[in-house]
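**Student:** Here you go, this is entry_9.pdb (PDB, C-alpha atoms).
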```pdb
ATOM      1  CA  MET I   1     180.581 100.128-138.988
ATOM      2  CA  GLU I   2     182.357 103.492-139.149
ATOM      3  CA  PRO I   3     186.148 103.206-139.575
ATOM      4  CA  LEU I   4     186.773 105.520-136.606
ATOM      5  CA  ASN I   5     185.103 102.980-134.335
ATOM      6  CA  LEU I   6     187.959 100.565-135.062
ATOM      7  CA  GLN I   7     190.667 102.662-133.446
ATOM      8  CA  GLY I   8     192.491 100.334-131.057
ATOM      9  CA  TRP I   9     191.132  97.220-132.799
ATOM     10  CA  LEU I  10     193.400  94.950-134.847
ATOM     11  CA  PRO I  11     192.436  92.356-137.488
ATOM     12  CA  ILE I  12     193.130  88.861-136.160
ATOM     13  CA  GLY I  13     191.526  86.686-138.823
ATOM     14  CA  ILE I  14     190.223  86.825-142.388
ATOM     15  CA  ARG I  15     187.941  84.113-143.708
ATOM     16  CA  ARG I  16     185.513  83.375-146.482
ATOM     17  CA  SER I  17     181.907  82.793-145.464
ATOM     18  CA  GLU I  18     178.462  82.681-147.065
ATOM     19  CA  LEU I  19     178.432  86.470-146.664
ATOM     20  CA  GLY I  20     181.721  86.819-148.529
ATOM     21  CA  TRP I  21     185.120  87.626-147.078
ATOM     22  CA  ARG I  22     184.891  88.611-143.422
ATOM     23  CA  VAL I  23     187.411  90.194-141.028
ATOM     24  CA  ASP I  24     187.547  89.348-137.315
ATOM     25  CA  TRP I  25     188.820  92.111-135.025
ATOM     26  CA  CYS I  26     190.153  92.105-131.470
ATOM     27  CA  TRP I  27     190.505  95.024-129.070
ATOM     28  CA  PHE I  28     194.142  95.772-128.186
ATOM     29  CA  GLY I  29     193.804  99.377-127.048
ATOM     30  CA  ASP I  30     197.320 100.601-126.277
ATOM     31  CA  ARG I  31     198.811  97.145-125.651
ATOM     32  CA  ALA I  32     202.126  96.726-127.465
ATOM     33  CA  LEU I  33     202.830  93.655-129.624
ATOM     34  CA  SER I  34     205.818  92.485-127.580
ATOM     35  CA  GLN I  35     205.291  88.727-127.882
ATOM     36  CA  PRO I  36     207.465  86.607-130.234
ATOM     37  CA  PHE I  37     204.527  85.979-132.586
ATOM     38  CA  PHE I  38     201.337  87.859-133.423
ATOM     39  CA  ARG I  39     199.242  84.823-132.536
ATOM     40  CA  ASP I  40     200.703  84.928-128.992
ATOM     41  CA  ALA I  41     199.575  88.534-128.643
ATOM     42  CA  VAL I  42     196.114  87.590-129.923
ATOM     43  CA  ASP I  43     195.799  84.717-127.444
ATOM     44  CA  GLN I  44     196.670  87.093-124.618
ATOM     45  CA  ALA I  45     194.299  89.813-125.798
ATOM     46  CA  LEU I  46     191.398  87.380-126.184
ATOM     47  CA  ARG I  47     191.643  86.595-122.477
ATOM     48  CA  LEU I  48     190.687  90.171-121.632
ATOM     49  CA  PRO I  49     187.122  90.324-120.244
ATOM     50  CA  PHE I  50     186.232  92.999-122.810
ATOM     51  CA  ASN I  51     187.138  90.719-125.730
ATOM     52  CA  GLN I  52     185.328  87.787-124.182
ATOM     53  CA  ALA I  53     182.182  89.887-123.988
ATOM     54  CA  LEU I  54     182.428  91.753-127.294
ATOM     55  CA  ARG I  55     183.845  90.794-130.679
ATOM     56  CA  ARG I  56     183.680  92.655-133.962
ATOM     57  CA  GLU I  57     183.344  91.431-137.500
ATOM     58  CA  THR I  58     183.318  93.463-140.708
ATOM     59  CA  SER I  59     183.392  92.939-144.423
ATOM     60  CA  LEU I  60     186.675  93.159-146.313
ATOM     61  CA  ALA I  61     185.596  96.636-147.419
ATOM     62  CA  ALA I  62     186.499  97.939-143.958
ATOM     63  CA  LEU I  63     190.121  97.100-144.728
ATOM     64  CA  GLU I  64     189.993  98.343-148.305
ATOM     65  CA  SER I  65     188.858 101.798-147.171
ATOM     66  CA  TRP I  66     191.239 102.036-144.187
ATOM     67  CA  PRO I  67     194.102 103.970-145.865
ATOM     68  CA  GLU I  68     191.748 106.748-146.968
ATOM     69  CA  GLN I  69     189.599 106.851-143.835
ATOM     70  CA  GLN I  70     192.188 106.248-141.128
ATOM     71  CA  PRO I  71     195.753 105.946-142.470
ATOM     72  CA  GLY I  72     198.366 104.330-140.270
ATOM     73  CA  LEU I  73     202.103 103.951-140.619
ATOM     74  CA  VAL I  74     203.464 102.643-143.896
ATOM     75  CA  PRO I  75     205.717  99.612-143.317
ATOM     76  CA  SER I  76     209.322 100.706-142.797
ATOM     77  CA  ALA I  77     210.770  97.199-143.344
ATOM     78  CA  PHE I  78     209.796  93.631-144.171
ATOM     79  CA  ILE I  79     211.586  90.613-142.708
ATOM     80  CA  LEU I  80     211.536  87.483-144.862
ATOM     81  CA  HIS I  81     213.381  84.354-143.862
ATOM     82  CA  ALA I  82     214.129  80.682-144.400
ATOM     83  CA  SER I  83     212.654  79.691-140.983
ATOM     84  CA  ARG I  84     214.526  78.579-137.852
ATOM     85  CA  CYS I  85     217.285  81.044-138.708
ATOM     86  CA  GLY I  86     217.018  83.979-136.285
ATOM     87  CA  SER I  87     214.139  86.033-137.685
ATOM     88  CA  THR I  88     212.361  85.951-134.329
ATOM     89  CA  LEU I  89     215.544  87.238-132.705
ATOM     90  CA  ILE I  90     215.557  90.237-135.041
ATOM     91  CA  SER I  91     211.863  90.955-134.475
ATOM     92  CA  GLN I  92     212.258  90.660-130.698
ATOM     93  CA  MET I  93     215.243  93.008-130.705
ATOM     94  CA  LEU I  94     213.166  95.599-132.534
ATOM     95  CA  ALA I  95     210.170  94.990-130.250
ATOM     96  CA  GLN I  96     212.254  96.363-127.363
ATOM     97  CA  LEU I  97     212.068  99.803-128.965
ATOM     98  CA  ALA I  98     209.134 102.038-127.998
ATOM     99  CA  SER I  99     209.287 103.627-131.454
ATOM    100  CA  HIS I 100     208.616 100.349-133.259
ATOM    101  CA  ILE I 101     205.480  98.340-133.911
ATOM    102  CA  VAL I 102     206.617  94.826-134.823
ATOM    103  CA  VAL I 103     204.006  92.486-136.277
ATOM    104  CA  SER I 104     205.385  88.974-136.453
ATOM    105  CA  GLU I 105     203.814  86.502-138.900
ATOM    106  CA  PRO I 106     200.188  87.726-138.705
ATOM    107  CA  PRO I 107     197.891  85.045-140.204
ATOM    108  CA  PRO I 108     195.575  87.617-141.868
ATOM    109  CA  LEU I 109     198.449  88.845-144.027
ATOM    110  CA  ASP I 110     199.258  85.326-145.224
ATOM    111  CA  THR I 111     195.558  84.816-145.976
ATOM    112  CA  LEU I 112     195.368  87.929-148.160
ATOM    113  CA  LEU I 113     198.664  87.271-149.921
ATOM    114  CA  ARG I 114     197.425  83.861-151.060
ATOM    115  CA  ALA I 115     193.661  84.437-151.269
ATOM    116  CA  ASP I 116     191.629  83.848-154.410
ATOM    117  CA  LEU I 117     190.591  87.477-154.799
ATOM    118  CA  PRO I 118     190.554  89.946-157.688
ATOM    119  CA  GLN I 119     193.976  91.548-157.795
ATOM    120  CA  GLU I 120     192.884  95.137-157.145
ATOM    121  CA  ILE I 121     190.722  94.148-154.171
ATOM    122  CA  ARG I 122     193.546  92.099-152.713
ATOM    123  CA  LEU I 123     196.062  94.935-153.073
ATOM    124  CA  ARG I 124     193.720  97.415-151.395
ATOM    125  CA  ALA I 125     192.980  94.965-148.581
ATOM    126  CA  ILE I 126     196.695  94.317-147.947
ATOM    127  CA  ARG I 127     197.401  98.049-147.769
ATOM    128  CA  GLY I 128     194.469  98.470-145.407
ATOM    129  CA  LEU I 129     195.499  95.535-143.225
ATOM    130  CA  LEU I 130     198.982  96.908-142.662
ATOM    131  CA  GLY I 131     197.528 100.371-142.156
ATOM    132  CA  ALA I 132     195.385  98.915-139.366
ATOM    133  CA  TYR I 133     198.432  97.260-137.791
ATOM    134  CA  GLY I 134     200.252 100.586-138.138
ATOM    135  CA  GLN I 135     197.829 102.504-135.938
ATOM    136  CA  ALA I 136     199.626 104.795-133.498
ATOM    137  CA  ARG I 137     197.955 103.194-130.501
ATOM    138  CA  TYR I 138     200.450 104.645-128.013
ATOM    139  CA  PRO I 139     202.775 107.687-128.014
ATOM    140  CA  GLY I 140     206.140 107.721-129.742
ATOM    141  CA  VAL I 141     205.430 105.146-132.434
ATOM    142  CA  SER I 142     207.096 105.947-135.756
ATOM    143  CA  GLN I 143     208.083 102.631-137.386
ATOM    144  CA  LEU I 144     206.167  99.547-138.525
ATOM    145  CA  VAL I 145     208.176  96.375-139.160
ATOM    146  CA  VAL I 146     206.435  93.262-140.475
ATOM    147  CA  LYS I 147     207.894  89.755-140.300
ATOM    148  CA  LEU I 148     206.237  87.353-142.719
ATOM    149  CA  ASP I 149     205.885  83.588-142.695
ATOM    150  CA  ALA I 150     208.768  81.728-144.330
ATOM    151  CA  TRP I 151     206.719  80.579-147.330
ATOM    152  CA  ASN I 152     205.627  84.151-148.078
ATOM    153  CA  ILE I 153     208.902  84.670-149.938
ATOM    154  CA  GLY I 154     206.822  83.437-152.874
ATOM    155  CA  GLU I 155     204.426  86.375-152.484
ATOM    156  CA  LEU I 156     207.122  89.067-152.279
ATOM    157  CA  PRO I 157     206.382  90.367-155.819
ATOM    158  CA  LEU I 158     202.767  90.959-154.777
ATOM    159  CA  LEU I 159     203.873  92.683-151.573
ATOM    160  CA  ARG I 160     206.173  94.907-153.635
ATOM    161  CA  GLN I 161     203.185  96.022-155.692
ATOM    162  CA  CYS I 162     201.667  97.386-152.494
ATOM    163  CA  PHE I 163     204.842  98.837-150.959
ATOM    164  CA  ALA I 164     207.465  99.246-153.671
ATOM    165  CA  ASP I 165     209.650 101.550-151.565
ATOM    166  CA  THR I 166     209.728  99.481-148.362
ATOM    167  CA  PRO I 167     213.165  97.881-147.822
ATOM    168  CA  TRP I 168     213.278  94.172-147.065
ATOM    169  CA  LEU I 169     215.757  91.563-145.957
ATOM    170  CA  PHE I 170     216.071  87.826-146.369
ATOM    171  CA  LEU I 171     217.545  85.918-143.447
ATOM    172  CA  TYR I 172     218.851  82.382-143.865
ATOM    173  CA  ARG I 173     221.093  79.794-142.224
ATOM    174  CA  ASP I 174     223.090  76.687-143.064
ATOM    175  CA  PRO I 175     220.362  74.413-144.482
ATOM    176  CA  LEU I 176     221.483  71.353-142.518
ATOM    177  CA  GLU I 177     220.854  73.194-139.252
ATOM    178  CA  ILE I 178     217.439  74.351-140.460
ATOM    179  CA  ALA I 179     216.526  70.851-141.657
ATOM    180  CA  VAL I 180     217.439  69.227-138.318
ATOM    181  CA  SER I 181     215.192  71.715-136.534
ATOM    182  CA  HIS I 182     212.258  70.828-138.800
ATOM    183  CA  LEU I 183     212.836  67.099-138.387
ATOM    184  CA  ARG I 184     212.632  67.548-134.629
ATOM    185  CA  ARG I 185     209.612  69.857-134.694
ATOM    186  CA  PRO I 186     208.293  70.570-138.188
ATOM    187  CA  GLY I 187     206.968  73.974-139.086
ATOM    188  CA  MET I 188     203.654  74.232-140.900
ATOM    189  CA  HIS I 189     205.331  74.484-144.299
ATOM    190  CA  MET I 190     207.282  71.309-143.645
ATOM    191  CA  VAL I 191     204.153  69.170-143.152
ATOM    192  CA  PRO I 192     202.669  67.856-146.427
ATOM    193  CA  GLY I 193     199.422  69.633-147.269
ATOM    194  CA  MET I 194     199.396  71.867-144.187
ATOM    195  CA  ILE I 195     199.640  75.261-145.893
ATOM    196  CA  GLY I 196     198.138  74.367-149.268
ATOM    197  CA  PRO I 197     199.753  75.232-152.605
ATOM    198  CA  SER I 198     202.844  77.423-152.345
ATOM    199  CA  VAL I 199     206.058  78.318-154.119
ATOM    200  CA  LEU I 200     207.770  75.622-152.035
ATOM    201  CA  ASP I 201     205.979  72.737-153.758
ATOM    202  CA  ALA I 202     208.591  70.405-155.261
ATOM    203  CA  GLY I 203     207.131  67.053-156.206
ATOM    204  CA  ALA I 204     205.310  64.290-154.361
ATOM    205  CA  PHE I 205     206.135  63.341-150.782
ATOM    206  CA  THR I 206     208.585  60.457-150.461
ATOM    207  CA  ASP I 207     210.351  60.599-147.097
ATOM    208  CA  ARG I 208     210.710  63.353-144.517
ATOM    209  CA  GLU I 209     214.381  64.040-145.171
ATOM    210  CA  SER I 210     213.864  64.490-148.897
ATOM    211  CA  PHE I 211     210.656  66.500-148.471
ATOM    212  CA  ILE I 212     212.218  68.969-146.039
ATOM    213  CA  ALA I 213     215.440  69.320-148.030
ATOM    214  CA  ARG I 214     213.625  69.932-151.327
ATOM    215  CA  ARG I 215     211.286  72.538-149.852
ATOM    216  CA  LEU I 216     214.163  74.212-148.091
ATOM    217  CA  GLY I 217     216.095  74.331-151.344
ATOM    218  CA  ARG I 218     213.119  75.943-153.065
ATOM    219  CA  LEU I 219     212.811  78.498-150.279
ATOM    220  CA  LEU I 220     216.496  79.457-150.404
ATOM    221  CA  GLN I 221     216.484  79.676-154.197
ATOM    222  CA  CYS I 222     213.406  81.898-154.133
ATOM    223  CA  GLY I 223     215.126  84.171-151.615
ATOM    224  CA  LEU I 224     218.147  84.386-153.905
ATOM    225  CA  ASP I 225     216.061  85.096-157.009
ATOM    226  CA  HIS I 226     214.097  87.853-155.292
ATOM    227  CA  SER I 227     217.209  89.404-153.771
ATOM    228  CA  ARG I 228     218.489  89.823-157.322
ATOM    229  CA  ALA I 229     215.170  91.105-158.685
ATOM    230  CA  PHE I 230     214.187  93.413-155.833
ATOM    231  CA  ASP I 231     217.526  94.282-154.195
ATOM    232  CA  GLY I 232     216.922  92.772-150.746
ATOM    233  CA  LEU I 233     219.511  92.713-147.980
ATOM    234  CA  LEU I 234     220.900  89.226-147.338
ATOM    235  CA  VAL I 235     221.667  88.302-143.725
ATOM    236  CA  GLU I 236     223.180  85.004-142.586
ATOM    237  CA  TYR I 237     222.351  83.625-139.142
ATOM    238  CA  ARG I 238     225.976  83.714-137.992
ATOM    239  CA  GLN I 239     225.956  87.503-138.313
ATOM    240  CA  LEU I 240     223.431  87.747-135.475
ATOM    241  CA  PRO I 241     223.012  89.405-133.101
ATOM    242  CA  MET I 242     226.009  91.705-133.480
ATOM    243  CA  ALA I 243     225.008  92.870-136.965
ATOM    244  CA  MET I 244     222.322  94.947-135.239
ATOM    245  CA  GLY I 245     225.136  97.145-133.992
ATOM    246  CA  GLY I 246     226.436  97.535-137.557
ATOM    247  CA  HIS I 247     224.952  97.174-141.020
ATOM    248  CA  LEU I 248     221.657  95.667-139.801
ATOM    249  CA  GLY I 249     221.170  98.638-137.497
ATOM    250  CA  ASP I 250     221.862 100.843-140.510
ATOM    251  CA  PHE I 251     219.211  98.947-142.484
ATOM    252  CA  PHE I 252     216.616  99.684-139.784
ATOM    253  CA  ALA I 253     217.936 103.261-139.373
ATOM    254  CA  LEU I 254     218.529 102.809-135.631
ATOM    255  CA  SER I 255     220.290 105.326-133.436
ATOM    256  CA  ALA I 256     223.204 104.306-131.200
ATOM    257  CA  ASP I 257     220.880 104.170-128.172
ATOM    258  CA  GLN I 258     218.348 102.060-130.075
ATOM    259  CA  ARG I 259     221.045  99.605-131.101
ATOM    260  CA  ARG I 260     222.191  99.207-127.497
ATOM    261  CA  CYS I 261     218.596  98.672-126.373
ATOM    262  CA  ALA I 262     217.964  96.112-129.116
ATOM    263  CA  LEU I 263     221.117  94.155-128.268
ATOM    264  CA  ALA I 264     220.318  94.093-124.542
ATOM    265  CA  CYS I 265     217.799  91.248-124.948
ATOM    266  CA  THR I 266     219.991  88.857-126.909
ATOM    267  CA  ASP I 267     221.069  86.751-123.940
ATOM    268  CA  ARG I 268     217.514  85.349-123.813
ATOM    269  CA  HIS I 269     215.905  82.758-126.101
ATOM    270  CA  ALA I 270     213.912  84.703-128.706
ATOM    271  CA  LYS I 271     210.916  82.319-128.736
ATOM    272  CA  GLN I 272     211.018  81.505-124.993
ATOM    273  CA  PRO I 273     212.162  84.771-123.390
ATOM    274  CA  ASP I 274     212.145  83.200-119.930
ATOM    275  CA  GLN I 275     215.017  80.922-121.011
ATOM    276  CA  ALA I 276     218.673  81.807-121.606
ATOM    277  CA  PHE I 277     219.951  81.548-125.168
ATOM    278  CA  VAL I 278     222.203  78.560-125.872
ATOM    279  CA  ALA I 279     224.017  78.239-129.204
ATOM    280  CA  ASP I 280     222.854  75.065-130.978
ATOM    281  CA  ALA I 281     224.575  74.980-134.379
ATOM    282  CA  GLN I 282     227.088  72.307-133.424
ATOM    283  CA  ASP I 283     224.443  70.183-131.727
ATOM    284  CA  LYS I 284     222.260  70.268-134.835
ATOM    285  CA  ARG I 285     225.099  69.316-137.137
ATOM    286  CA  GLN I 286     226.011  66.355-134.949
ATOM    287  CA  ALA I 287     222.369  65.236-134.816
ATOM    288  CA  ALA I 288     221.966  65.118-138.602
ATOM    289  CA  SER I 289     221.571  61.606-139.996
ATOM    290  CA  PRO I 290     223.549  60.524-143.089
ATOM    291  CA  ALA I 291     220.287  60.454-145.050
ATOM    292  CA  LEU I 292     219.510  64.056-144.124
ATOM    293  CA  VAL I 293     223.039  65.200-144.931
ATOM    294  CA  GLU I 294     222.750  63.583-148.352
ATOM    295  CA  GLN I 295     219.365  65.156-149.144
ATOM    296  CA  VAL I 296     220.395  68.610-147.957
ATOM    297  CA  GLN I 297     223.559  68.373-150.016
ATOM    298  CA  ARG I 298     221.500  67.401-153.064
ATOM    299  CA  TRP I 299     218.675  69.928-152.825
ATOM    300  CA  ALA I 300     219.603  72.855-150.576
ATOM    301  CA  ARG I 301     223.374  73.230-150.369
ATOM    302  CA  GLY I 302     223.668  74.836-153.809
ATOM    303  CA  PRO I 303     221.145  77.656-153.201
ATOM    304  CA  TYR I 304     222.716  78.350-149.802
ATOM    305  CA  GLU I 305     226.205  78.658-151.286
ATOM    306  CA  ARG I 306     224.902  80.948-154.033
ATOM    307  CA  LEU I 307     223.264  83.139-151.387
ATOM    308  CA  GLU I 308     226.569  83.296-149.540
ATOM    309  CA  ARG I 309     228.464  84.277-152.672
ATOM    310  CA  ARG I 310     225.994  87.063-153.382
ATOM    311  CA  ARG I 311     226.061  88.298-149.784
ATOM    312  CA  ASN I 312     229.855  88.312-149.644
ATOM    313  CA  ALA I 313     230.095  90.029-153.019
TER     314      ALA I 313
END
```
Have the structure of the file written as structure tokens, please.

**Tutor:**
Amino acid sequence: MEPLNLQGWLPIGIRRSELGWRVDWCWFGDRALSQPFFRDAVDQALRLPFNQALRRETSLAALESWPEQQPGLVPSAFILHASRCGSTLISQMLAQLASHIVVSEPPPLDTLLRADLPQEIRLRAIRGLLGAYGQARYPGVSQLVVKLDAWNIGELPLLRQCFADTPWLFLYRDPLEIAVSHLRRPGMHMVPGMIGPSVLDAGAFTDRESFIARRLGRLLQCGLDHSRAFDGLLVEYRQLPMAMGGHLGDFFALSADQRRCALACTDRHAKQPDQAFVADAQDKRQAASPALVEQVQRWARGPYERLERRRNA
């Protein structure tokens, strides 16, 4: 398949088959990625009659050759986060801007970051994947922002090999509030065995409170270590959304008009835009059991406080 024939198509899945690594593509045309998560945009696009009638599949080589054959935007920022801490709010604020393509937690990127592939092939495929997402599929696009899955903080060094000059931030929140959210509705990385081996692994499963607190502590510590090694911007949940009018807007190089536009959507729930936003920090703290408080204090409170000291410094 000629690379030019993939204009308007985006990679939606990467898998290993008997034929080797294969890439599944979906036609988006000029449809913006305005949904809270990439998978939501894919679900919507797959309902189009065109995509129900025609699907495309290529080898991984189609991605490896993309930057030379059909270069797209280079990522202007990466958003890494501790989960349940406002990263979707940031990505949705930026998605309001016609100048920005915002790709939020695309599964193909996680696949490549953690795939068992020769290093050089993997690096070329990652560059090609983000080049494909950075297609200028509609007028006025100039920025590509990528939000990764929470556990991808472990793969940041690999991502930096591909895009050493792309600025990145790490967003986090009081770990007790994050832990309560995962006890109520666990994310994939907070279910034993769901995501496979990762940097979050911290011993055998005992009970849910301990498991979540230990993994959360690992995640926060990894964010701290990488912020020191790779000079990432630290953002605490309580700074949102107003930081977009200040230093966070500076980080994304937004104009005054862009900042006002980004802030205009913050009265809505980031993951359910049809619902009004309601602050929940106090509710989560009150809902925490003594066992959870103890485990969070043991495993995650220290990394959080060290992050806060570094941010405030």

**Student:** Evaluate the PyMOL selection byres ((chain I and resi 173-189) around 6) against this structure - the residues, as a ChimeraX atom specification, please.

**Tutor:** /I:84-85,172,190-191,194-195,236-237,284

**Student:** Would you save the residues from that selection as a PDB file, in the frame of the given file, using C-alpha atoms?

**Tutor:**
```
ATOM      1  CA  ARG I  84     214.526  78.579-137.852  1.00  0.00           C
ATOM      2  CA  CYS I  85     217.285  81.044-138.708  1.00  0.00           C
ATOM      3  CA  TYR I 172     218.851  82.382-143.865  1.00  0.00           C
ATOM      4  CA  MET I 190     207.282  71.309-143.645  1.00  0.00           C
ATOM      5  CA  VAL I 191     204.153  69.170-143.152  1.00  0.00           C
ATOM      6  CA  MET I 194     199.396  71.867-144.187  1.00  0.00           C
ATOM      7  CA  ILE I 195     199.640  75.261-145.893  1.00  0.00           C
ATOM      8  CA  GLU I 236     223.180  85.004-142.586  1.00  0.00           C
ATOM      9  CA  TYR I 237     222.351  83.625-139.142  1.00  0.00           C
ATOM     10  CA  LYS I 284     222.260  70.268-134.835  1.00  0.00           C
TER      11      LYS I 284
END
```

**Student:** From the list I:Leu89, I:Leu117, I:Ala125, I:Ala82, which residue is nearest I:Ala150 when using all atoms listed in the file?

**Tutor:** I:Ala82

**Student:** Do you have the atom CA of I:Lys271-atom CA of I:Pro241 distance handy?

**Tutor:**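 Taking atom CA of I:Lys271 as the start and atom CA of I:Pro241 as the end point, the length is 14.7 Å.
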
**Student:** Need the shell around I:His226: protein/DNA/RNA residues with any atom at most 9 Å away, counting all atoms listed in the file. Skip same-chain ones fewer than 3 positions apart. Format as a PyMOL selection string?

**Tutor:** chain I and resi 153-154+156-157+221-223+229-232

**Student:** Which residue is closest to I:Ala281? Choose from I:Gly20, I:Arg238, I:Ser83, I:Pro303 and count all atoms listed in the file.

**Tutor:** I:Arg238

**Student:** Which polymer residues have any atom within 10 Å of an atom of I:Ala32, counting only C-alpha atoms, with same-chain residues fewer than 5 positions away left out, as a list in words?

**Tutor:** Ala41, Ala95, Ala98, His100, Ile101, Val102, Val103, Arg137 and Tyr138 of chain I

**Student:** Name the closest residue to I:Arg208 among the candidates I:Ser104, I:Pro71, I:Val296, I:Thr266; distances are taken between atoms, counting all atoms listed in the file.

**Tutor:** I:Val296

**Student:** Once the PyMOL selection byres ((chain I and resi 247-256) around 12) is applied to the coordinates I shared, what remains selected? I want it as a PyMOL selection string.

**Tutor:** chain I and resi 75-79+90-91+93-94+97+99-100+142-145+166-171+232-236+239-246+257-263

**Student:** What are the centre and the three edge lengths of an axis-aligned box that wraps all atoms of stretch 290-302 of chain I in the file, given that 6 Å is added to every side, written as AutoDock Vina command-line options and rounded to one decimal in Å?

**Tutor:**
```
--center_x 221.2 --center_y 67.6 --center_z -148.4 --size_x 17.0 --size_y 26.4 --size_z 22.7
```

**Student:** As a PyMOL selection string, please: the residues near I:Ala115 (cut-off 10 Å, all atoms listed in the file, same-chain neighbours under 6 positions excluded).

**Tutor:** chain I and resi 14-16+109+122

**Student:** Using atom CA of I:Gly302 and atom CA of I:Val278 as the two end points, give the distance in Å to one decimal.

**Tutor:**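 Going from atom CA of I:Gly302 over to atom CA of I:Val278 covers 28.2 Å.
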
**Student:** Considering all atoms listed in the file, can you say which of I:Tyr133, I:Phe163, I:Phe50, I:Trp66 comes closest to I:Phe38?

**Tutor:**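 Using all atoms listed in the file, the shortest distance to I:Phe38 belongs to I:Tyr133.
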
**Student:** Could you check the closest approach to I:Leu148 for each of I:Leu200, I:Ile212, I:Leu80, I:Ala287 and tell me which residue wins, using only C-alpha atoms?

**Tutor:**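 Selected residue with least distance to I:Leu148: I:Leu80.
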
**Student:** Can you turn the PyMOL selection byres ((chain I and resi 67) around 9) into a concrete residue list for this file, as number ranges by chain?

**Tutor:** I: 63-66, 68-72, 124, 127-129, 131-132

**Student:** Atom CA of I:Asp30 to atom CA of I:Leu46: how many Å, to one decimal?

**Tutor:**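 About the pair atom CA of I:Asp30 and atom CA of I:Leu46: they are 14.5 Å apart.
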
**Student:** Which residue is closest to I:Asn152? Choose from I:Ala202, I:Leu6, I:Leu113, I:Ala62 and count only C-alpha atoms.

**Tutor:** I:Leu113
